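**Student:** Quick one: structure below, then a few questions.
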Amino acid sequence: MSPPATATAAARQAIEPAPLLPAGLTDRHINDSLLDHVWNPRRGWWTLFAIALGGTGLLVMGLGVTLARGIGMWGNNQPVGWGYGIINFVWWIGIGHAGTLISAILLLFQQKWRTSINRFAEAMTIFAVIQAALFPLFHTGRPWFAAFWLFPYPSNLGIWPNFKSPLIWDVFAVSTYFTVSLLFWYLGLIPDLAALRDASTSKARRIAYGVFALGWRGSARHWQHYRIGYLLLAGLSTPLVLSVHSIVSFDFAVSQLPGWHTTVFPPYFVAGAVFSGFAMVMTLMIPARKYLGFAHVVTERHLEAMNKVMLVTGMMVSYGYLMEHFIAWYSGNPYEQFVFVNRATGPYRWVYYGMIFCNVLVPQTFWWKKARTSLAWMFVASLLINVGMWTERFIIIVTSLHRDYLPSSWGMYYPTWVDWSIYVGTLSFFSLLFLLFLRFVPAVAVTEVKELRHEMEHEAAHAAGAHR
Amino acid sequence: MSAGTRWVLARYARAEAVLAAARSLREAGQASLDIHSPYPLPGSDQALGLGRSRVPLLALCGGLAGVATALGMQIWMNAIDFPINVGNRLLIPRPALVPVTFELGVLLSAFAIFFGMMGLWGFPRPHHPVFEVETFRSAAVDGLWLSAEVEAADVERVAEALRGTGALQVEIAPEVEA
């Protein structure tokens, strides 16, 4: 072994102390340990399921009341026409973005650590987008007309949607995002479903997973198309995810309202979406890796890497806040300036300070390695960031609308019990879908972990050969 | 798959062994070989002599179809069939057409990739003769397999050839009613 090679290896050791996978794993062990949670449901699953089901009842009730008595059951009114409905829509869509970032963008950047968490994060994306879609749908007041208003299909009325409206762009963006995420997720699942089919011991399970595996035989002819198809879907998802929250931000930025009419919105919304999404992945992953026994594939290094992403995106969000305030001052527009003074001193100032604390200050702790590797702190921080990103959307929507131009038309916004029921209901429905996912589908991409193990083994053999 | 063919399967311990066996059988003139592995094996395409995947072409066609559909739809609906005059702005505002055009391009491209692959694979196809071999189930777990689809008369000869390539085990899929 030559001295420079030793030095390089030592330097690499210092930078990357924790390996992505522990040594000595076999494919069989990976298979057994990662599928175990499907065969042997964890204790407490039914309890969690019952709680989530009860909370989903709240959602059904809230939506039922909305349908029966009308949209007036929500707190929305003049001047705040977009209350919880749009706050929660933007919040849930944003959470979804981390899944696509992890599965697509990190794949293109060849960040190997994504392998252990991508399946989990993609499932989160799909379930979050389902929650998000509920809000604008019911915000129309008459969801049974929504298809007629939103989708361009020929009807007796003979008119079409107005494609100059950002709201119609949103329909296309969100429905495309959901569909492509689902296809991407399912494509990645097929080899794992085949592994489930072939590892199952009962005939019923073999048939059930066999149907969903579609006949996957791990053939070279399958992999030939799969590899390129998966990569292409990742390539498509990458601009797609950036477009979705940009288009969501157009709902605001294209309007004339002070506080909304800002060019910084698209990048700032995308960064905020990734920020909140990573926080949600952490909130779910920290308990789940313990609960499901995944600590050997979701290591400290994965969690630390995610904390670093939160630090970076948190700084981008902070920069967005800074720019918003600066441009408001620099524009010389008194209405624009008033909105930002009102945010910090008006009736909703406590929400504003909560936002600054959660989104600007909390992620700064991740400069310290101690914070990045403390499970307890990163869990608390991820919860705070989730809250912080929710308050950000509250601030953007409510404070901009409640005092705009004419003081005579100012007002206050308060959510009603129906708003709260629907919001808590979507949290429960999201948990319900997630619990079902953890029960029936491998939560870690087993095939990709095996491939990573194979690559690492190959590299190690290669390195040993080169140094000999 | 034509009628009267049988499947011969061989399991190997290492990736290099299965690739070498595939190469040697292919050089000996054996057709319809396939490798089955739980994860994509680098080099399997070359060992089997598979050409380039047609999926990228499908993706391109899908994307172009989406872009054309979106542009046609927006222009025809808002400027021709039922012109909507919003504050006397242009009937065909180019920047405003971008979001829907992009999204529909991505959507149809993704459809082309996903359903194109299903078509190329002939999926869904939950039944296949190789599944009749119980030990072949390891192909999705940790086993590396080489398969050959052969005429009934050639089964023994090919099985012998596979045994000669250092396979751990060789299996012949039982005949199934088509």
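The chains in the structure tokens are called A, B, ... from first to last as shown; in each chain the residues are counted from 1, and the ligands are counted from 1 in the order shown.
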I'd like a table as a tab-separated table: residues in chain A with an atom no more than 7 Å from chain B, each row giving the shortest atom pair and its distance in Å to one decimal, only C-alpha atoms counted, sorted by chain and rising residue number.
**Tutor:**
residue	atom	partner	partner_atom	distance
A:Asp27	CA	B:Asp142	CA	5.3
A:Arg28	CA	B:Asp142	CA	5.7
A:Asn31	CA	B:Val141	CA	6.3
A:Ile159	CA	B:Phe82	CA	6.3
A:Trp160	CA	B:Met77	CA	6.1
A:Asn162	CA	B:Asn78	CA	6.7
A:Phe163	CA	B:Gln74	CA	6.5
A:Lys164	CA	B:Ala96	CA	5.5
A:Trp169	CA	B:Val100	CA	5.7
A:Phe172	CA	B:Val100	CA	6.2
A:Ala173	CA	B:Glu103	CA	5.9
A:Thr176	CA	B:Leu107	CA	5.6
A:Val180	CA	B:Ala110	CA	6.3
A:Leu183	CA	B:Phe114	CA	6.9
A:Ala194	CA	B:Ala140	CA	6.1
A:Ala195	CA	B:Ala140	CA	4.7
A:Asp198	CA	B:Arg137	CA	5.1
A:Gly210	CA	B:Pro126	CA	6.1
A:Val211	CA	B:Pro126	CA	6.0
A:Leu214	CA	B:Pro124	CA	4.4
A:Gly215	CA	B:Pro126	CA	4.1
A:Arg217	CA	B:His36	CA	6.6
A:Gly218	CA	B:His36	CA	4.8
A:Ser219	CA	B:His36	CA	4.3
A:Ala220	CA	B:Ile35	CA	5.2
A:His222	CA	B:Trp121	CA	6.6
A:Trp223	CA	B:Pro40	CA	5.7
A:Gln224	CA	B:Ser53	CA	6.5
A:His225	CA	B:Ser53	CA	5.7
A:Gly229	CA	B:Ile113	CA	6.1
A:Leu233	CA	B:Ala110	CA	6.4
A:Leu236	CA	B:Val106	CA	6.3
A:Thr447	CA	B:Tyr39	CA	5.6
A:Lys450	CA	B:Tyr39	CA	6.6
A:Glu451	CA	B:Tyr39	CA	5.5
**Student:** Could you find all residues in chain B that DSSP calls helix (DSSP H, G or I) from the backbone, and write them as a compact mmCIF listing (two decimals) with N, CA and C atoms, in the first residue's frame?
**Tutor:**
# COMPACT_ATOMS: atom_id res chain seq x y z
N ALA B 15 -21.95 -13.14 -8.89
CA ALA B 15 -22.36 -12.38 -10.07
C ALA B 15 -21.44 -12.68 -11.26
N GLU B 16 -20.12 -12.79 -10.98
CA GLU B 16 -19.18 -13.04 -12.08
C GLU B 16 -19.48 -14.38 -12.73
N ALA B 17 -19.87 -15.37 -11.91
CA ALA B 17 -20.11 -16.71 -12.44
C ALA B 17 -21.32 -16.72 -13.36
N VAL B 18 -22.39 -16.05 -12.96
CA VAL B 18 -23.59 -16.08 -13.80
C VAL B 18 -23.33 -15.33 -15.11
N LEU B 19 -22.57 -14.24 -15.04
CA LEU B 19 -22.28 -13.48 -16.27
C LEU B 19 -21.39 -14.30 -17.20
N ALA B 20 -20.39 -14.98 -16.61
CA ALA B 20 -19.49 -15.79 -17.43
C ALA B 20 -20.25 -16.93 -18.08
N ALA B 21 -21.17 -17.56 -17.32
CA ALA B 21 -21.95 -18.66 -17.87
C ALA B 21 -22.83 -18.18 -19.02
N ALA B 22 -23.44 -16.99 -18.83
CA ALA B 22 -24.30 -16.45 -19.89
C ALA B 22 -23.48 -16.19 -21.15
N ARG B 23 -22.29 -15.63 -20.96
CA ARG B 23 -21.44 -15.35 -22.11
C ARG B 23 -21.05 -16.64 -22.83
N SER B 24 -20.65 -17.64 -22.06
CA SER B 24 -20.15 -18.86 -22.71
C SER B 24 -21.28 -19.58 -23.45
N LEU B 25 -22.49 -19.60 -22.86
CA LEU B 25 -23.60 -20.26 -23.56
C LEU B 25 -24.00 -19.50 -24.81
N ARG B 26 -23.94 -18.18 -24.71
CA ARG B 26 -24.33 -17.38 -25.86
C ARG B 26 -23.33 -17.58 -27.00
N GLU B 27 -22.04 -17.67 -26.63
CA GLU B 27 -21.03 -17.90 -27.65
C GLU B 27 -21.20 -19.28 -28.27
N SER B 44 -25.01 -7.29 -17.20
CA SER B 44 -25.90 -8.34 -17.69
C SER B 44 -26.37 -8.05 -19.12
N ASP B 45 -26.53 -6.78 -19.45
CA ASP B 45 -26.97 -6.44 -20.82
C ASP B 45 -25.93 -6.91 -21.84
N GLN B 46 -24.64 -6.65 -21.53
CA GLN B 46 -23.58 -7.04 -22.47
C GLN B 46 -23.47 -8.56 -22.54
N ALA B 47 -23.59 -9.22 -21.38
CA ALA B 47 -23.43 -10.67 -21.36
C ALA B 47 -24.51 -11.34 -22.21
N LEU B 48 -25.70 -10.75 -22.23
CA LEU B 48 -26.79 -11.34 -23.01
C LEU B 48 -26.90 -10.74 -24.40
N VAL B 55 -37.04 2.64 -24.04
CA VAL B 55 -37.80 3.49 -23.13
C VAL B 55 -37.52 4.99 -23.33
N PRO B 56 -36.26 5.42 -23.53
CA PRO B 56 -36.03 6.86 -23.73
C PRO B 56 -36.79 7.42 -24.93
N LEU B 57 -36.88 6.62 -26.00
CA LEU B 57 -37.60 7.07 -27.18
C LEU B 57 -39.09 7.25 -26.85
N LEU B 58 -39.63 6.27 -26.12
CA LEU B 58 -41.03 6.37 -25.71
C LEU B 58 -41.25 7.63 -24.87
N ALA B 59 -40.30 7.89 -23.96
CA ALA B 59 -40.43 9.06 -23.08
C ALA B 59 -40.46 10.34 -23.91
N LEU B 60 -39.58 10.40 -24.91
CA LEU B 60 -39.54 11.59 -25.76
C LEU B 60 -40.85 11.77 -26.51
N CYS B 61 -41.35 10.68 -27.09
CA CYS B 61 -42.61 10.76 -27.85
C CYS B 61 -43.75 11.20 -26.93
N GLY B 62 -43.80 10.61 -25.73
CA GLY B 62 -44.86 10.97 -24.78
C GLY B 62 -44.77 12.44 -24.42
N GLY B 63 -43.55 12.91 -24.16
CA GLY B 63 -43.37 14.31 -23.78
C GLY B 63 -43.80 15.25 -24.89
N LEU B 64 -43.41 14.94 -26.13
CA LEU B 64 -43.78 15.80 -27.25
C LEU B 64 -45.30 15.79 -27.45
N ALA B 65 -45.89 14.61 -27.29
CA ALA B 65 -47.35 14.53 -27.44
C ALA B 65 -48.03 15.39 -26.38
N GLY B 66 -47.49 15.36 -25.15
CA GLY B 66 -48.07 16.17 -24.07
C GLY B 66 -47.97 17.65 -24.37
N VAL B 67 -46.81 18.07 -24.84
CA VAL B 67 -46.60 19.50 -25.14
C VAL B 67 -47.56 19.93 -26.26
N ALA B 68 -47.66 19.11 -27.30
CA ALA B 68 -48.53 19.46 -28.43
C ALA B 68 -49.98 19.52 -27.97
N THR B 69 -50.39 18.52 -27.18
CA THR B 69 -51.77 18.50 -26.69
C THR B 69 -52.07 19.75 -25.87
N ALA B 70 -51.14 20.09 -24.98
CA ALA B 70 -51.39 21.21 -24.07
C ALA B 70 -51.48 22.52 -24.85
N LEU B 71 -50.55 22.73 -25.78
CA LEU B 71 -50.59 23.98 -26.54
C LEU B 71 -51.86 24.05 -27.37
N GLY B 72 -52.16 22.95 -28.05
CA GLY B 72 -53.35 22.92 -28.89
C GLY B 72 -54.60 23.17 -28.07
N MET B 73 -54.67 22.51 -26.93
CA MET B 73 -55.85 22.63 -26.07
C MET B 73 -56.03 24.07 -25.60
N GLN B 74 -54.97 24.67 -25.09
CA GLN B 74 -55.10 26.02 -24.53
C GLN B 74 -55.44 27.04 -25.61
N ILE B 75 -54.75 26.93 -26.75
CA ILE B 75 -54.98 27.93 -27.80
C ILE B 75 -56.38 27.76 -28.38
N TRP B 76 -56.75 26.51 -28.65
CA TRP B 76 -58.06 26.29 -29.27
C TRP B 76 -59.19 26.68 -28.31
N MET B 77 -59.07 26.29 -27.05
CA MET B 77 -60.17 26.54 -26.12
C MET B 77 -60.32 28.02 -25.78
N ASN B 78 -59.18 28.70 -25.51
CA ASN B 78 -59.27 30.07 -25.01
C ASN B 78 -59.18 31.14 -26.09
N ALA B 79 -58.76 30.77 -27.30
CA ALA B 79 -58.62 31.80 -28.33
C ALA B 79 -59.49 31.53 -29.54
N ILE B 80 -59.89 30.29 -29.77
CA ILE B 80 -60.62 29.98 -31.01
C ILE B 80 -62.05 29.57 -30.69
N ASP B 81 -62.22 28.50 -29.92
CA ASP B 81 -63.58 27.98 -29.71
C ASP B 81 -64.41 28.93 -28.86
N ARG B 94 -48.16 34.03 -24.31
CA ARG B 94 -47.20 32.91 -24.31
C ARG B 94 -46.72 32.50 -22.92
N PRO B 95 -46.34 33.46 -22.04
CA PRO B 95 -45.85 33.00 -20.72
C PRO B 95 -46.91 32.23 -19.95
N ALA B 96 -48.18 32.62 -20.10
CA ALA B 96 -49.24 31.97 -19.33
C ALA B 96 -49.50 30.55 -19.81
N LEU B 97 -49.02 30.22 -21.01
CA LEU B 97 -49.24 28.87 -21.51
C LEU B 97 -48.21 27.88 -20.95
N VAL B 98 -47.10 28.44 -20.40
CA VAL B 98 -45.98 27.57 -20.03
C VAL B 98 -46.35 26.53 -18.96
N PRO B 99 -46.98 26.94 -17.84
CA PRO B 99 -47.17 25.93 -16.78
C PRO B 99 -47.94 24.69 -17.24
N VAL B 100 -49.09 24.89 -17.88
CA VAL B 100 -49.90 23.74 -18.27
C VAL B 100 -49.16 22.91 -19.32
N THR B 101 -48.47 23.59 -20.23
CA THR B 101 -47.71 22.86 -21.26
C THR B 101 -46.64 21.98 -20.63
N PHE B 102 -45.92 22.55 -19.68
CA PHE B 102 -44.88 21.78 -19.00
C PHE B 102 -45.48 20.58 -18.27
N GLU B 103 -46.53 20.84 -17.51
CA GLU B 103 -47.10 19.76 -16.69
C GLU B 103 -47.63 18.62 -17.56
N LEU B 104 -48.30 18.98 -18.64
CA LEU B 104 -48.87 17.93 -19.48
C LEU B 104 -47.77 17.16 -20.22
N GLY B 105 -46.69 17.88 -20.57
CA GLY B 105 -45.55 17.19 -21.18
C GLY B 105 -44.97 16.15 -20.23
N VAL B 106 -44.79 16.56 -18.98
CA VAL B 106 -44.24 15.63 -17.98
C VAL B 106 -45.20 14.46 -17.77
N LEU B 107 -46.49 14.77 -17.70
CA LEU B 107 -47.47 13.72 -17.40
C LEU B 107 -47.49 12.66 -18.49
N LEU B 108 -47.57 13.10 -19.75
CA LEU B 108 -47.67 12.11 -20.82
C LEU B 108 -46.34 11.38 -21.01
N SER B 109 -45.23 12.06 -20.73
CA SER B 109 -43.94 11.38 -20.81
C SER B 109 -43.86 10.29 -19.74
N ALA B 110 -44.33 10.61 -18.53
CA ALA B 110 -44.31 9.61 -17.45
C ALA B 110 -45.23 8.44 -17.79
N PHE B 111 -46.38 8.74 -18.37
CA PHE B 111 -47.28 7.66 -18.79
C PHE B 111 -46.59 6.77 -19.83
N ALA B 112 -45.92 7.43 -20.79
CA ALA B 112 -45.26 6.66 -21.84
C ALA B 112 -44.18 5.76 -21.24
N ILE B 113 -43.44 6.29 -20.26
CA ILE B 113 -42.39 5.48 -19.65
C ILE B 113 -43.01 4.30 -18.92
N PHE B 114 -43.98 4.59 -18.05
CA PHE B 114 -44.51 3.53 -17.20
C PHE B 114 -45.28 2.48 -18.02
N PHE B 115 -46.22 2.95 -18.81
CA PHE B 115 -47.04 1.97 -19.54
C PHE B 115 -46.26 1.37 -20.70
N GLY B 116 -45.30 2.14 -21.23
CA GLY B 116 -44.42 1.58 -22.25
C GLY B 116 -43.63 0.40 -21.71
N MET B 117 -43.13 0.56 -20.48
CA MET B 117 -42.38 -0.53 -19.87
C MET B 117 -43.28 -1.73 -19.63
N MET B 118 -44.50 -1.46 -19.18
CA MET B 118 -45.43 -2.57 -18.97
C MET B 118 -45.64 -3.33 -20.29
N GLY B 119 -45.73 -2.56 -21.37
CA GLY B 119 -45.92 -3.19 -22.68
C GLY B 119 -44.70 -4.00 -23.10
N LEU B 120 -43.50 -3.41 -22.90
CA LEU B 120 -42.27 -4.10 -23.28
C LEU B 120 -42.10 -5.39 -22.48
N TRP B 121 -42.53 -5.37 -21.23
CA TRP B 121 -42.38 -6.55 -20.38
C TRP B 121 -43.51 -7.54 -20.57
N PRO B 129 -43.93 -19.99 -16.48
CA PRO B 129 -43.45 -21.34 -16.19
C PRO B 129 -42.32 -21.38 -15.16
N VAL B 130 -41.45 -20.35 -15.14
CA VAL B 130 -40.31 -20.42 -14.20
C VAL B 130 -40.77 -20.39 -12.75
N PHE B 131 -41.97 -19.85 -12.49
CA PHE B 131 -42.46 -19.81 -11.11
C PHE B 131 -42.84 -21.20 -10.61
N GLU B 132 -42.94 -22.17 -11.53
CA GLU B 132 -43.26 -23.53 -11.11
C GLU B 132 -42.09 -24.16 -10.34
N GLU B 134 -39.88 -24.16 -7.39
CA GLU B 134 -40.01 -23.53 -6.07
C GLU B 134 -38.72 -22.79 -5.69
N THR B 135 -37.58 -23.39 -5.97
CA THR B 135 -36.32 -22.76 -5.54
C THR B 135 -36.01 -21.50 -6.36
N PHE B 136 -36.66 -21.35 -7.52
CA PHE B 136 -36.41 -20.14 -8.32
C PHE B 136 -36.88 -18.89 -7.58
N ARG B 137 -37.72 -19.09 -6.58
CA ARG B 137 -38.22 -17.93 -5.83
C ARG B 137 -37.08 -17.14 -5.18
N SER B 138 -35.93 -17.77 -5.01
CA SER B 138 -34.80 -17.02 -4.44
C SER B 138 -34.32 -15.92 -5.39
N ALA B 139 -34.76 -15.95 -6.65
CA ALA B 139 -34.30 -14.93 -7.60
C ALA B 139 -34.69 -13.52 -7.18
N ALA B 140 -35.76 -13.40 -6.38
CA ALA B 140 -36.15 -12.07 -5.91
C ALA B 140 -35.57 -11.78 -4.54
N ALA B 152 -38.29 -28.86 -26.29
CA ALA B 152 -38.37 -29.99 -25.36
C ALA B 152 -37.25 -31.00 -25.59
N ALA B 153 -36.85 -31.17 -26.84
CA ALA B 153 -35.83 -32.17 -27.15
C ALA B 153 -34.45 -31.76 -26.63
N ASP B 154 -34.23 -30.45 -26.45
CA ASP B 154 -32.90 -29.96 -26.08
C ASP B 154 -32.70 -29.83 -24.58
N VAL B 155 -33.73 -30.14 -23.79
CA VAL B 155 -33.68 -29.86 -22.36
C VAL B 155 -32.45 -30.47 -21.70
N GLU B 156 -32.22 -31.75 -21.95
CA GLU B 156 -31.12 -32.43 -21.27
C GLU B 156 -29.77 -31.88 -21.69
N ARG B 157 -29.65 -31.57 -22.99
CA ARG B 157 -28.38 -31.07 -23.49
C ARG B 157 -28.04 -29.72 -22.82
N VAL B 158 -29.04 -28.83 -22.77
CA VAL B 158 -28.79 -27.50 -22.18
C VAL B 158 -28.53 -27.62 -20.68
N ALA B 159 -29.29 -28.50 -20.03
CA ALA B 159 -29.07 -28.68 -18.59
C ALA B 159 -27.65 -29.15 -18.33
N GLU B 160 -27.16 -30.04 -19.18
CA GLU B 160 -25.79 -30.54 -19.04
C GLU B 160 -24.80 -29.41 -19.24
N ALA B 161 -25.06 -28.58 -20.26
CA ALA B 161 -24.16 -27.46 -20.54
C ALA B 161 -24.12 -26.51 -19.35
N LEU B 162 -25.28 -26.29 -18.72
CA LEU B 162 -25.32 -25.39 -17.56
C LEU B 162 -24.57 -25.99 -16.39
N ARG B 163 -24.69 -27.31 -16.21
CA ARG B 163 -23.94 -27.95 -15.11
C ARG B 163 -22.45 -27.76 -15.32
**Student:** To one decimal in Å, tell me the separation between atom CA of His325 of chain A and atom CA of Gln337 of chain A.
**Tutor:**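 Interatomic distance here is 8.0 Å.
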**Student:** Could you name the residues that touch Asn76 of chain A at 12 Å or less, counting only C-alpha atoms, but leaving out those on the same chain fewer than 4 positions away, as a PDB file with N, CA and C atoms, in the first residue's frame?
**Tutor:**
ATOM      1  N   GLY A  70     -72.655  23.957   4.152  1.00  0.00           N
ATOM      2  CA  GLY A  70     -72.024  24.952   3.283  1.00  0.00           C
ATOM      3  C   GLY A  70     -70.700  25.448   3.821  1.00  0.00           C
ATOM      4  N   ILE A  71     -70.023  26.189   2.975  1.00  0.00           N
ATOM      5  CA  ILE A  71     -68.673  26.657   3.263  1.00  0.00           C
ATOM      6  C   ILE A  71     -68.672  27.690   4.394  1.00  0.00           C
ATOM      7  N   GLY A  72     -69.826  28.221   4.715  1.00  0.00           N
ATOM      8  CA  GLY A  72     -69.937  29.174   5.826  1.00  0.00           C
ATOM      9  C   GLY A  72     -69.557  28.568   7.168  1.00  0.00           C
ATOM     10  N   VAL A  80     -60.821  37.870   4.686  1.00  0.00           N
ATOM     11  CA  VAL A  80     -59.920  36.714   4.569  1.00  0.00           C
ATOM     12  C   VAL A  80     -60.700  35.561   3.932  1.00  0.00           C
ATOM     13  N   GLY A  81     -60.624  35.476   2.616  1.00  0.00           N
ATOM     14  CA  GLY A  81     -61.366  34.438   1.897  1.00  0.00           C
ATOM     15  C   GLY A  81     -60.607  33.131   1.811  1.00  0.00           C
ATOM     16  N   TRP A  82     -59.313  33.169   2.116  1.00  0.00           N
ATOM     17  CA  TRP A  82     -58.493  31.961   2.052  1.00  0.00           C
ATOM     18  C   TRP A  82     -57.973  31.656   3.448  1.00  0.00           C
ATOM     19  N   GLY A  83     -58.689  30.898   4.211  1.00  0.00           N
ATOM     20  CA  GLY A  83     -58.218  30.613   5.559  1.00  0.00           C
ATOM     21  C   GLY A  83     -57.496  29.288   5.639  1.00  0.00           C
ATOM     22  N   TYR A  84     -57.986  28.441   6.539  1.00  0.00           N
ATOM     23  CA  TYR A  84     -57.347  27.143   6.749  1.00  0.00           C
ATOM     24  C   TYR A  84     -57.294  26.312   5.474  1.00  0.00           C
ATOM     25  N   GLY A  85     -58.295  26.463   4.635  1.00  0.00           N
ATOM     26  CA  GLY A  85     -58.337  25.660   3.415  1.00  0.00           C
ATOM     27  C   GLY A  85     -57.050  25.776   2.628  1.00  0.00           C
ATOM     28  N   ILE A  86     -56.603  27.002   2.393  1.00  0.00           N
ATOM     29  CA  ILE A  86     -55.427  27.181   1.543  1.00  0.00           C
ATOM     30  C   ILE A  86     -54.144  27.054   2.361  1.00  0.00           C
ATOM     31  N   ILE A  87     -54.188  27.462   3.640  1.00  0.00           N
ATOM     32  CA  ILE A  87     -52.998  27.282   4.502  1.00  0.00           C
ATOM     33  C   ILE A  87     -52.614  25.797   4.521  1.00  0.00           C
ATOM     34  N   HIS A 139     -62.943  23.531  -0.688  1.00  0.00           N
ATOM     35  CA  HIS A 139     -63.014  24.985  -0.647  1.00  0.00           C
ATOM     36  C   HIS A 139     -63.871  25.518  -1.787  1.00  0.00           C
ATOM     37  N   GLY A 141     -66.636  24.567  -2.292  1.00  0.00           N
ATOM     38  CA  GLY A 141     -67.977  24.594  -1.731  1.00  0.00           C
ATOM     39  C   GLY A 141     -68.865  23.506  -2.288  1.00  0.00           C
ATOM     40  N   ILE A 397     -50.933  34.065   4.225  1.00  0.00           N
ATOM     41  CA  ILE A 397     -52.315  34.162   3.762  1.00  0.00           C
ATOM     42  C   ILE A 397     -53.115  35.141   4.621  1.00  0.00           C
ATOM     43  N   VAL A 398     -53.100  34.932   5.934  1.00  0.00           N
ATOM     44  CA  VAL A 398     -54.028  35.702   6.774  1.00  0.00           C
ATOM     45  C   VAL A 398     -53.580  37.151   6.936  1.00  0.00           C
ATOM     46  N   LEU A 401     -54.153  39.259   3.801  1.00  0.00           N
ATOM     47  CA  LEU A 401     -55.542  39.515   3.425  1.00  0.00           C
ATOM     48  C   LEU A 401     -56.270  40.381   4.452  1.00  0.00           C
ATOM     49  N   HIS A 402     -55.922  40.252   5.727  1.00  0.00           N
ATOM     50  CA  HIS A 402     -56.822  40.835   6.724  1.00  0.00           C
ATOM     51  C   HIS A 402     -56.716  42.351   6.795  1.00  0.00           C
ATOM     52  N   GLY A 411     -60.318  43.356   8.716  1.00  0.00           N
ATOM     53  CA  GLY A 411     -61.068  42.446   9.586  1.00  0.00           C
ATOM     54  C   GLY A 411     -60.137  41.427  10.195  1.00  0.00           C
ATOM     55  N   MET A 412     -60.710  40.561  11.007  1.00  0.00           N
ATOM     56  CA  MET A 412     -59.909  39.504  11.627  1.00  0.00           C
ATOM     57  C   MET A 412     -60.383  38.149  11.122  1.00  0.00           C
ATOM     58  N   TYR A 413     -59.479  37.181  11.202  1.00  0.00           N
ATOM     59  CA  TYR A 413     -59.835  35.818  10.798  1.00  0.00           C
ATOM     60  C   TYR A 413     -59.663  34.892  11.997  1.00  0.00           C
ATOM     61  N   TYR A 414     -60.675  34.090  12.263  1.00  0.00           N
ATOM     62  CA  TYR A 414     -60.548  33.058  13.301  1.00  0.00           C
ATOM     63  C   TYR A 414     -61.054  31.742  12.726  1.00  0.00           C
ATOM     64  N   PRO A 415     -60.268  30.674  12.873  1.00  0.00           N
ATOM     65  CA  PRO A 415     -60.758  29.376  12.403  1.00  0.00           C
ATOM     66  C   PRO A 415     -61.904  28.888  13.280  1.00  0.00           C
ATOM     67  N   THR A 416     -62.800  28.095  12.696  1.00  0.00           N
ATOM     68  CA  THR A 416     -63.907  27.521  13.461  1.00  0.00           C
ATOM     69  C   THR A 416     -63.566  26.089  13.874  1.00  0.00           C
ATOM     70  N   VAL A 418     -64.950  23.546  12.776  1.00  0.00           N
ATOM     71  CA  VAL A 418     -64.947  22.712  11.570  1.00  0.00           C
ATOM     72  C   VAL A 418     -63.564  22.763  10.916  1.00  0.00           C
ATOM     73  N   ASP A 419     -62.981  23.978  10.868  1.00  0.00           N
ATOM     74  CA  ASP A 419     -61.618  24.109  10.326  1.00  0.00           C
ATOM     75  C   ASP A 419     -60.652  23.205  11.084  1.00  0.00           C
TER      76      ASP A 419
END
**Student:** Report the distance between atom CA of Ala381 of chain A and atom CA of Val281 of chain A in Å, rounded to one decimal place.
**Tutor:**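 Computing the Euclidean distance for atom CA of Ala381 of chain A and atom CA of Val281 of chain A yields 12.1 Å.
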**Student:** Report, in Å to a single decimal, how far apart atom CA of Glu300 of chain A and atom CA of Gly94 of chain A are.
**Tutor:**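 Those two atoms sit 25.2 Å apart.
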**Student:** What's the 9 Å shell around segment 108-112 of chain A, counting only C-alpha atoms, without same-chain residues fewer than 4 positions away, as a PyMOL selection string?
**Tutor:** chain A and resi 20+103-104+116+231+234-235+238+452
**Student:** Restricting the calculation to only C-alpha atoms, which member of A:Val444, A:His462, A:Arg142, A:Leu383 is positioned closest to Phe294 of chain A?
**Tutor:**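 Using only C-alpha atoms, Phe294 of chain A sits closest to A:Val444.
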